[in-house]
file work.pdb (PDB, C-alpha atoms, pLDDT in the B column)
MODEL        1
ATOM      1  CA  ALA C 179      14.380  11.717  13.347  1.00 40.00           C
ATOM      2  CA  ILE C 180      15.317  10.291   9.944  1.00 39.00           C
ATOM      3  CA  ALA C 181      18.940  10.015  10.939  1.00 41.00           C
ATOM      4  CA  ALA C 182      17.974   8.228  14.121  1.00 40.00           C
ATOM      5  CA  LEU C 183      15.883   5.653  12.254  1.00 40.00           C
ATOM      6  CA  GLY C 184      18.492   5.038   9.593  1.00 40.00           C
ATOM      7  CA  ILE C 185      18.273   2.838   6.535  1.00 42.00           C
ATOM      8  CA  PHE C 186      19.288  -0.806   6.748  1.00 42.00           C
ATOM      9  CA  THR C 187      22.037  -1.637   4.278  1.00 42.00           C
ATOM     10  CA  GLY C 188      23.211  -5.106   5.244  1.00 45.00           C
ATOM     11  CA  CYS C 189      22.056  -8.554   6.297  1.00 46.00           C
ATOM     12  CA  TYR C 190      21.388  -9.351   9.920  1.00 44.00           C
ATOM     13  CA  GLU C 191      22.778 -12.524  11.422  1.00 43.00           C
ATOM     14  CA  GLU C 192      20.019 -15.108  11.436  1.00 46.00           C
ATOM     15  CA  ILE C 193      18.904 -16.100  14.930  1.00 45.00           C
ATOM     16  CA  ASP C 194      16.665 -18.820  16.338  1.00 49.00           C
ATOM     17  CA  LEU C 195      13.477 -17.554  17.948  1.00 48.00           C
ATOM     18  CA  VAL C 196      11.172 -19.383  20.295  1.00 50.00           C
ATOM     19  CA  GLU C 197       7.588 -19.305  19.059  1.00 50.00           C
ATOM     20  CA  ASP C 198       6.162 -16.268  20.795  1.00 47.00           C
ATOM     21  CA  ILE C 199       3.332 -13.810  20.119  1.00 55.00           C
ATOM     22  CA  SER C 200       5.772 -10.966  20.799  1.00 86.00           C
ATOM     23  CA  TYR C 201       7.399 -11.508  17.383  1.00 91.00           C
ATOM     24  CA  THR C 202       6.000 -10.884  13.894  1.00 93.00           C
ATOM     25  CA  THR C 203       7.383 -12.363  10.669  1.00 95.00           C
ATOM     26  CA  ILE C 204       7.159 -10.639   7.285  1.00 96.00           C
ATOM     27  CA  THR C 205       8.085 -12.572   4.122  1.00 97.00           C
ATOM     28  CA  TYR C 206       9.047 -11.051   0.785  1.00 98.00           C
ATOM     29  CA  THR C 207      10.649 -11.787  -2.577  1.00 97.00           C
ATOM     30  CA  THR C 208      13.038  -9.744  -4.701  1.00 97.00           C
ATOM     31  CA  ASN C 209      13.884  -9.638  -8.400  1.00 96.00           C
ATOM     32  CA  ASP C 210      17.618 -10.100  -7.799  1.00 96.00           C
ATOM     33  CA  LYS C 211      17.405 -12.848  -5.136  1.00 95.00           C
ATOM     34  CA  GLN C 212      19.143 -10.530  -2.692  1.00 95.00           C
ATOM     35  CA  VAL C 213      18.171  -9.309   0.769  1.00 96.00           C
ATOM     36  CA  ALA C 214      16.164  -6.066   0.697  1.00 96.00           C
ATOM     37  CA  ASP C 215      17.572  -2.879   2.202  1.00 94.00           C
ATOM     38  CA  ILE C 216      14.900  -2.145   4.775  1.00 94.00           C
ATOM     39  CA  ARG C 217      14.371   0.439   7.475  1.00 89.00           C
ATOM     40  CA  THR C 218      14.966  -0.959  10.927  1.00 83.00           C
ATOM     41  CA  GLY C 219      12.067  -0.103  13.206  1.00 68.00           C
ATOM     42  CA  TYR C 220       9.417   2.214  14.573  1.00 73.00           C
ATOM     43  CA  ASN C 221       7.647   2.716  17.914  1.00 66.00           C
ATOM     44  CA  GLY C 222       9.127  -0.421  19.443  1.00 65.00           C
ATOM     45  CA  MET C 223       8.561  -2.521  16.299  1.00 76.00           C
ATOM     46  CA  HIS C 224      12.295  -3.047  15.792  1.00 88.00           C
ATOM     47  CA  VAL C 225      13.672  -5.524  13.273  1.00 92.00           C
ATOM     48  CA  ILE C 226      15.414  -8.483  14.940  1.00 92.00           C
ATOM     49  CA  SER C 227      16.646 -10.183  11.772  1.00 94.00           C
ATOM     50  CA  ASN C 228      16.455  -9.889   7.987  1.00 95.00           C
ATOM     51  CA  THR C 229      17.602 -12.885   5.932  1.00 96.00           C
ATOM     52  CA  TYR C 230      17.142 -14.210   2.408  1.00 96.00           C
ATOM     53  CA  THR C 231      17.222 -17.933   1.618  1.00 95.00           C
ATOM     54  CA  ASN C 232      16.018 -20.001  -1.348  1.00 93.00           C
ATOM     55  CA  GLY C 233      14.276 -17.069  -3.023  1.00 94.00           C
ATOM     56  CA  VAL C 234      12.366 -15.857   0.036  1.00 97.00           C
ATOM     57  CA  GLY C 235      13.240 -13.055   2.436  1.00 97.00           C
ATOM     58  CA  LYS C 236      12.194 -13.150   6.059  1.00 97.00           C
ATOM     59  CA  VAL C 237      12.034 -10.148   8.375  1.00 96.00           C
ATOM     60  CA  VAL C 238      11.435 -10.827  12.067  1.00 94.00           C
ATOM     61  CA  VAL C 239      10.108  -7.848  14.016  1.00 93.00           C
ATOM     62  CA  LYS C 240       9.853  -7.518  17.780  1.00 90.00           C
ATOM     63  CA  GLY C 241       6.275  -7.057  18.897  1.00 88.00           C
ATOM     64  CA  LYS C 242       2.776  -7.965  17.777  1.00 90.00           C
ATOM     65  CA  MET C 243       2.206  -5.905  14.641  1.00 91.00           C
ATOM     66  CA  THR C 244      -0.980  -3.894  14.158  1.00 94.00           C
ATOM     67  CA  VAL C 245       0.566  -1.071  12.090  1.00 94.00           C
ATOM     68  CA  PHE C 246       2.661  -1.992   9.045  1.00 95.00           C
ATOM     69  CA  TYR C 247       5.294   0.748   9.019  1.00 94.00           C
ATOM     70  CA  ASN C 248       7.476   1.760   6.077  1.00 94.00           C
ATOM     71  CA  TYR C 249      10.100  -0.952   6.469  1.00 95.00           C
ATOM     72  CA  PHE C 250      10.151  -1.394   2.666  1.00 96.00           C
ATOM     73  CA  GLU C 251      10.084   2.250   1.565  1.00 96.00           C
ATOM     74  CA  TYR C 252      12.334   2.759  -1.509  1.00 96.00           C
ATOM     75  CA  CYS C 253      13.118  -0.974  -1.784  1.00 96.00           C
ATOM     76  CA  ASP C 254      13.532  -1.123  -5.557  1.00 95.00           C
ATOM     77  CA  ASN C 255      14.223  -4.859  -5.731  1.00 97.00           C
ATOM     78  CA  VAL C 256      11.152  -6.076  -3.802  1.00 98.00           C
ATOM     79  CA  THR C 257       8.560  -7.835  -5.990  1.00 97.00           C
ATOM     80  CA  SER C 258       6.117  -9.132  -3.366  1.00 97.00           C
ATOM     81  CA  VAL C 259       5.451  -8.768   0.354  1.00 97.00           C
ATOM     82  CA  THR C 260       3.137 -10.757   2.608  1.00 97.00           C
ATOM     83  CA  ILE C 261       1.421  -8.493   5.121  1.00 97.00           C
ATOM     84  CA  PRO C 262       0.998 -10.405   8.407  1.00 95.00           C
ATOM     85  CA  LYS C 263      -2.369 -11.226   9.938  1.00 93.00           C
ATOM     86  CA  GLY C 264      -3.276  -8.899  12.789  1.00 95.00           C
ATOM     87  CA  VAL C 265      -2.350  -5.733  10.900  1.00 97.00           C
ATOM     88  CA  THR C 266      -5.149  -3.143  11.021  1.00 97.00           C
ATOM     89  CA  THR C 267      -3.347  -0.171   9.435  1.00 98.00           C
ATOM     90  CA  ILE C 268      -1.012   0.139   6.449  1.00 98.00           C
ATOM     91  CA  GLY C 269       1.133   3.056   7.567  1.00 96.00           C
ATOM     92  CA  GLU C 270       2.302   6.130   5.688  1.00 96.00           C
ATOM     93  CA  TYR C 271       4.897   5.451   2.963  1.00 97.00           C
ATOM     94  CA  ALA C 272       4.753   1.705   3.737  1.00 97.00           C
ATOM     95  CA  PHE C 273       5.668   0.703   0.159  1.00 98.00           C
ATOM     96  CA  CYS C 274       6.435   4.111  -1.331  1.00 98.00           C
ATOM     97  CA  ASP C 275       8.627   3.934  -4.458  1.00 97.00           C
ATOM     98  CA  CYS C 276       8.844   0.135  -4.501  1.00 98.00           C
ATOM     99  CA  ASP C 277       9.342   0.229  -8.262  1.00 96.00           C
ATOM    100  CA  ASN C 278       9.180  -3.543  -8.837  1.00 97.00           C
ATOM    101  CA  LEU C 279       6.314  -4.438  -6.495  1.00 98.00           C
ATOM    102  CA  LYS C 280       3.865  -6.160  -8.866  1.00 96.00           C
ATOM    103  CA  SER C 281       0.907  -7.129  -6.693  1.00 94.00           C
ATOM    104  CA  ILE C 282      -0.273  -6.887  -3.123  1.00 96.00           C
ATOM    105  CA  VAL C 283      -2.926  -8.693  -1.091  1.00 95.00           C
ATOM    106  CA  ILE C 284      -4.104  -6.611   1.837  1.00 97.00           C
ATOM    107  CA  PRO C 285      -5.376  -9.087   4.461  1.00 96.00           C
ATOM    108  CA  GLU C 286      -8.701  -9.137   6.254  1.00 97.00           C
ATOM    109  CA  GLY C 287      -8.617  -6.998   9.361  1.00 98.00           C
ATOM    110  CA  VAL C 288      -6.970  -4.000   7.713  1.00 98.00           C
ATOM    111  CA  LYS C 289      -9.228  -0.953   8.163  1.00 97.00           C
ATOM    112  CA  GLU C 290      -7.062   1.896   6.921  1.00 97.00           C
ATOM    113  CA  ILE C 291      -4.516   2.524   4.183  1.00 98.00           C
ATOM    114  CA  LYS C 292      -2.698   5.716   5.112  1.00 98.00           C
ATOM    115  CA  SER C 293      -1.236   8.480   2.966  1.00 98.00           C
ATOM    116  CA  TYR C 294       1.382   7.611   0.340  1.00 98.00           C
ATOM    117  CA  ALA C 295       1.301   3.926   1.334  1.00 98.00           C
ATOM    118  CA  PHE C 296       1.820   2.732  -2.271  1.00 98.00           C
ATOM    119  CA  TYR C 297       2.845   6.013  -3.855  1.00 98.00           C
ATOM    120  CA  ASP C 298       4.756   5.702  -7.150  1.00 97.00           C
ATOM    121  CA  CYS C 299       4.826   1.887  -7.239  1.00 98.00           C
ATOM    122  CA  ASP C 300       5.353   1.804 -11.001  1.00 96.00           C
ATOM    123  CA  ALA C 301       4.877  -1.953 -11.528  1.00 97.00           C
ATOM    124  CA  LEU C 302       1.902  -2.448  -9.205  1.00 97.00           C
ATOM    125  CA  ALA C 303      -0.760  -3.999 -11.452  1.00 96.00           C
ATOM    126  CA  SER C 304      -2.990  -5.782  -8.948  1.00 95.00           C
ATOM    127  CA  VAL C 305      -4.365  -4.876  -5.508  1.00 96.00           C
ATOM    128  CA  THR C 306      -6.737  -7.029  -3.455  1.00 96.00           C
ATOM    129  CA  PHE C 307      -8.611  -5.072  -0.799  1.00 97.00           C
ATOM    130  CA  PRO C 308     -10.138  -6.684   2.327  1.00 97.00           C
ATOM    131  CA  SER C 309     -13.813  -6.399   3.219  1.00 97.00           C
ATOM    132  CA  THR C 310     -12.787  -4.704   6.491  1.00 97.00           C
ATOM    133  CA  LEU C 311     -11.299  -1.649   4.756  1.00 97.00           C
ATOM    134  CA  VAL C 312     -12.884   1.706   5.670  1.00 96.00           C
ATOM    135  CA  THR C 313     -10.524   4.473   4.501  1.00 95.00           C
ATOM    136  CA  ILE C 314      -8.077   4.962   1.616  1.00 97.00           C
ATOM    137  CA  GLY C 315      -5.760   7.847   2.474  1.00 97.00           C
ATOM    138  CA  SER C 316      -4.429  10.740   0.438  1.00 98.00           C
ATOM    139  CA  SER C 317      -2.085   9.804  -2.435  1.00 98.00           C
ATOM    140  CA  ALA C 318      -2.230   6.177  -1.264  1.00 98.00           C
ATOM    141  CA  PHE C 319      -1.927   4.825  -4.834  1.00 98.00           C
ATOM    142  CA  GLN C 320      -0.874   7.971  -6.658  1.00 98.00           C
ATOM    143  CA  ASP C 321       1.197   7.403  -9.803  1.00 98.00           C
ATOM    144  CA  CYS C 322       0.808   3.614  -9.781  1.00 98.00           C
ATOM    145  CA  ASP C 323       1.216   3.524 -13.550  1.00 95.00           C
ATOM    146  CA  ALA C 324       0.468  -0.185 -14.104  1.00 97.00           C
ATOM    147  CA  LEU C 325      -2.727  -0.419 -12.035  1.00 97.00           C
ATOM    148  CA  GLY C 326      -5.490  -1.387 -14.469  1.00 96.00           C
ATOM    149  CA  ARG C 327      -8.526  -2.295 -12.387  1.00 95.00           C
ATOM    150  CA  ILE C 328      -9.684  -1.768  -8.809  1.00 96.00           C
ATOM    151  CA  VAL C 329     -12.672  -3.043  -6.861  1.00 97.00           C
ATOM    152  CA  ILE C 330     -13.163  -1.099  -3.652  1.00 97.00           C
ATOM    153  CA  PRO C 331     -15.168  -3.144  -1.135  1.00 96.00           C
ATOM    154  CA  ASP C 332     -18.265  -2.209   0.841  1.00 96.00           C
ATOM    155  CA  ASN C 333     -17.443  -0.532   4.194  1.00 96.00           C
ATOM    156  CA  VAL C 334     -15.179   2.030   2.527  1.00 97.00           C
ATOM    157  CA  THR C 335     -16.688   5.453   3.191  1.00 96.00           C
ATOM    158  CA  THR C 336     -13.864   7.777   2.133  1.00 94.00           C
ATOM    159  CA  ILE C 337     -11.449   7.927  -0.791  1.00 97.00           C
ATOM    160  CA  ALA C 338      -9.133  10.776   0.133  1.00 98.00           C
ATOM    161  CA  GLU C 339      -7.555  13.419  -2.080  1.00 98.00           C
ATOM    162  CA  ARG C 340      -5.238  12.194  -4.847  1.00 98.00           C
ATOM    163  CA  ALA C 341      -5.769   8.576  -3.764  1.00 98.00           C
ATOM    164  CA  PHE C 342      -5.485   7.282  -7.369  1.00 98.00           C
ATOM    165  CA  TYR C 343      -4.144  10.402  -9.038  1.00 98.00           C
ATOM    166  CA  GLY C 344      -2.113   9.775 -12.182  1.00 98.00           C
ATOM    167  CA  CYS C 345      -2.866   6.038 -12.496  1.00 98.00           C
ATOM    168  CA  ASP C 346      -2.476   6.120 -16.281  1.00 95.00           C
ATOM    169  CA  LYS C 347      -3.768   2.603 -17.032  1.00 97.00           C
ATOM    170  CA  LEU C 348      -6.663   2.537 -14.579  1.00 97.00           C
ATOM    171  CA  ALA C 349      -9.524   1.617 -16.898  1.00 97.00           C
ATOM    172  CA  SER C 350     -12.051   0.147 -14.461  1.00 96.00           C
ATOM    173  CA  ILE C 351     -13.151   1.347 -11.022  1.00 97.00           C
ATOM    174  CA  THR C 352     -15.889  -0.278  -8.945  1.00 97.00           C
ATOM    175  CA  LEU C 353     -16.990   1.994  -6.101  1.00 97.00           C
ATOM    176  CA  PRO C 354     -18.842   0.598  -3.045  1.00 97.00           C
ATOM    177  CA  SER C 355     -22.412   1.407  -2.041  1.00 97.00           C
ATOM    178  CA  THR C 356     -21.100   2.633   1.336  1.00 97.00           C
ATOM    179  CA  LEU C 357     -18.972   5.382  -0.203  1.00 97.00           C
ATOM    180  CA  VAL C 358     -19.775   8.907   1.028  1.00 97.00           C
ATOM    181  CA  THR C 359     -16.841  11.096   0.011  1.00 97.00           C
ATOM    182  CA  ILE C 360     -14.590  11.243  -3.053  1.00 97.00           C
ATOM    183  CA  GLY C 361     -11.724  13.613  -2.290  1.00 97.00           C
ATOM    184  CA  SER C 362     -10.174  16.298  -4.468  1.00 98.00           C
ATOM    185  CA  SER C 363      -8.180  14.981  -7.445  1.00 98.00           C
ATOM    186  CA  ALA C 364      -8.901  11.429  -6.263  1.00 98.00           C
ATOM    187  CA  PHE C 365      -8.932  10.106  -9.847  1.00 98.00           C
ATOM    188  CA  SER C 366      -7.359  12.996 -11.744  1.00 98.00           C
ATOM    189  CA  ASP C 367      -5.196  12.116 -14.742  1.00 97.00           C
ATOM    190  CA  CYS C 368      -6.524   8.550 -14.971  1.00 98.00           C
ATOM    191  CA  ASP C 369      -6.155   8.616 -18.736  1.00 96.00           C
ATOM    192  CA  ALA C 370      -7.639   5.165 -19.472  1.00 98.00           C
ATOM    193  CA  LEU C 371     -10.824   5.519 -17.405  1.00 97.00           C
ATOM    194  CA  GLY C 372     -13.783   5.245 -19.785  1.00 96.00           C
ATOM    195  CA  SER C 373     -16.778   5.257 -17.437  1.00 97.00           C
ATOM    196  CA  ILE C 374     -17.689   5.663 -13.785  1.00 97.00           C
ATOM    197  CA  VAL C 375     -20.766   4.928 -11.665  1.00 97.00           C
ATOM    198  CA  ILE C 376     -21.131   7.082  -8.545  1.00 97.00           C
ATOM    199  CA  PRO C 377     -23.081   5.181  -5.831  1.00 97.00           C
ATOM    200  CA  ASP C 378     -26.245   6.574  -4.237  1.00 97.00           C
ATOM    201  CA  ASN C 379     -24.724   7.339  -0.826  1.00 97.00           C
ATOM    202  CA  VAL C 380     -22.038   9.676  -2.137  1.00 97.00           C
ATOM    203  CA  THR C 381     -22.686  13.201  -0.851  1.00 97.00           C
ATOM    204  CA  THR C 382     -19.392  14.859  -1.789  1.00 97.00           C
ATOM    205  CA  ILE C 383     -17.391  14.799  -5.006  1.00 97.00           C
ATOM    206  CA  ALA C 384     -14.605  17.280  -4.341  1.00 98.00           C
ATOM    207  CA  GLU C 385     -12.906  19.562  -6.848  1.00 98.00           C
ATOM    208  CA  ARG C 386     -10.972  18.009  -9.724  1.00 98.00           C
ATOM    209  CA  ALA C 387     -12.002  14.487  -8.635  1.00 97.00           C
ATOM    210  CA  PHE C 388     -11.983  13.271 -12.264  1.00 97.00           C
ATOM    211  CA  TYR C 389     -10.026  16.112 -13.817  1.00 97.00           C
ATOM    212  CA  ASP C 390      -8.171  15.397 -17.082  1.00 97.00           C
ATOM    213  CA  CYS C 391      -9.541  11.855 -17.492  1.00 97.00           C
ATOM    214  CA  ASP C 392      -9.122  11.954 -21.277  1.00 96.00           C
ATOM    215  CA  ALA C 393     -11.053   8.757 -22.098  1.00 97.00           C
ATOM    216  CA  LEU C 394     -14.041   9.365 -19.807  1.00 96.00           C
ATOM    217  CA  LYS C 395     -17.227   9.070 -21.882  1.00 97.00           C
ATOM    218  CA  SER C 396     -19.846   7.963 -19.376  1.00 96.00           C
ATOM    219  CA  VAL C 397     -20.674   9.152 -15.840  1.00 95.00           C
ATOM    220  CA  THR C 398     -23.622   7.866 -13.801  1.00 96.00           C
ATOM    221  CA  ILE C 399     -24.403   9.871 -10.677  1.00 93.00           C
ATOM    222  CA  GLY C 400     -26.624   8.251  -8.050  1.00 87.00           C
TER     223      GLY C 400
ENDMDL
END

call {"tool": "encode", "arguments": {"input": "work.pdb", "output": "structure tokens"}}
result
Amino acid sequence: AIAALGIFTGCYEEIDLVEDISYTTITYTTNDKQVADIRTGYNGMHVISNTYTNGVGKVVVKGKMTVFYNYFEYCDNVTSVTIPKGVTTIGEYAFCDCDNLKSIVIPEGVKEIKSYAFYDCDALASVTFPSTLVTIGSSAFQDCDALGRIVIPDNVTTIAERAFYGCDKLASITLPSTLVTIGSSAFSDCDALGSIVIPDNVTTIAERAFYDCDALKSVTIG
């Protein structure tokens, strides 16, 4: 299956497209002003063109996008990506190992961030979550070493296992009142975390949820 999908290694010829709801455009920037080496398509969401002009990349994908697949997985030179409106799910490995991705705004309408979506994004320092978010999947932000502060919005009910595991600089976490479950090792090895307030609706804190949080001095359990 991996061989069939392939990894994009060149620049598509730019084409003119008539305005049509059957196409989705993704914009991005890179640290070397070069086109990103992206994966080419999933489940009919095939890339039509990928160009880079005047400091901005533009990927045109066939179809109306509701799932943001891992087009940018392992794209070391990508520094920012604009997730299109209409997306409801950030798919597995969507931005995995994007070492220079510095910040991400997840738009309103997104309900789920799947497993390993931002795994090992070393430079990711800022994440803006939408109010529509419900679930943060396993290892979604694991080993995001630069992430310093997160505010998880109301409506989120589940933070899955290892969701923020190994986020060394994560010093501040705001959990929502709607939260019910904190998965195993969800915040393990968050060395900078000094305090945590567990909301009243939480019924499950799984094993090792805050294991090896060296700076943790204060825990309030609802």

call {"tool": "resolve_selection", "arguments": {"input": "work.pdb", "expression": "the PyMOL selection byres ((chain C and resi 345) around 8)", "output": "MDAnalysis selection string"}}
result
chainID C and resid 319:325 342:344 346:348 365 367:369

call {"tool": "residues_around", "arguments": {"input": "work.pdb", "residues": "region 271-285 of chain C", "least_positions_apart": "5", "cutoff": "10 Å", "atoms": "only C-alpha atoms", "output": "ChimeraX atom specification"}}
result
/C:207-209,245-266,291-311,317-322,324-325

call {"tool": "atom_distance", "arguments": {"input": "work.pdb", "atom1": "CA of Thr382 (chain C)", "atom2": "CA of Arg327 (chain C)"}}
result
22.9 Å

call {"tool": "atom_distance", "arguments": {"input": "work.pdb", "atom1": "CA of Gly269 (chain C)", "atom2": "CA of Tyr389 (chain C)"}}
result
27.4 Å

call {"tool": "atom_distance", "arguments": {"input": "work.pdb", "atom1": "CA of Asn333 (chain C)", "atom2": "CA of Leu371 (chain C)"}}
result
23.4 Å

call {"tool": "axis_aligned_box", "arguments": {"input": "work.pdb", "around": "region 198-208 of chain C", "padding_each_side": "8 Å", "output": "AutoDock Vina command-line options"}}
result
--center_x 8.2 --center_y -13.0 --center_z 8.0 --size_x 25.7 --size_y 22.5 --size_z 41.5

call {"tool": "residues_around", "arguments": {"input": "work.pdb", "residues": "Thr356 (chain C)", "least_positions_apart": "5", "cutoff": "8 Å", "atoms": "all atoms listed in the file", "output": "list in words"}}
result
Asp332, Asn333, Val334, Thr335, Pro377, Asn379 and Val380 of chain C

call {"tool": "closest_residue", "arguments": {"input": "work.pdb", "among": "C:Thr202, C:Thr381, C:Asn232, C:Ser373", "to": "Gly400 (chain C)", "atoms": "all atoms listed in the file"}}
result
C:Thr381

call {"tool": "closest_residue", "arguments": {"input": "work.pdb", "among": "C:Tyr220, C:Tyr206, C:Tyr201, C:Phe388", "to": "Val238 (chain C)", "atoms": "all atoms listed in the file"}}
result
C:Tyr201

call {"tool": "closest_residue", "arguments": {"input": "work.pdb", "among": "C:Met243, C:Ile216, C:Ala341, C:Cys391", "to": "Ile360 (chain C)", "atoms": "only C-alpha atoms"}}
result
C:Ala341

call {"tool": "closest_residue", "arguments": {"input": "work.pdb", "among": "C:Asp390, C:Ser200, C:Val225, C:Val234", "to": "Val213 (chain C)", "atoms": "all atoms listed in the file"}}
result
C:Val234

call {"tool": "closest_residue", "arguments": {"input": "work.pdb", "among": "C:Thr398, C:Asn228, C:Thr244, C:Ser366", "to": "Arg340 (chain C)", "atoms": "all atoms listed in the file"}}
result
C:Ser366

call {"tool": "resolve_selection", "arguments": {"input": "work.pdb", "expression": "the PyMOL selection byres ((chain C and resi 353) around 9)", "output": "ChimeraX atom specification"}}
result
/C:328-332,334,351-352,354-357,374-377
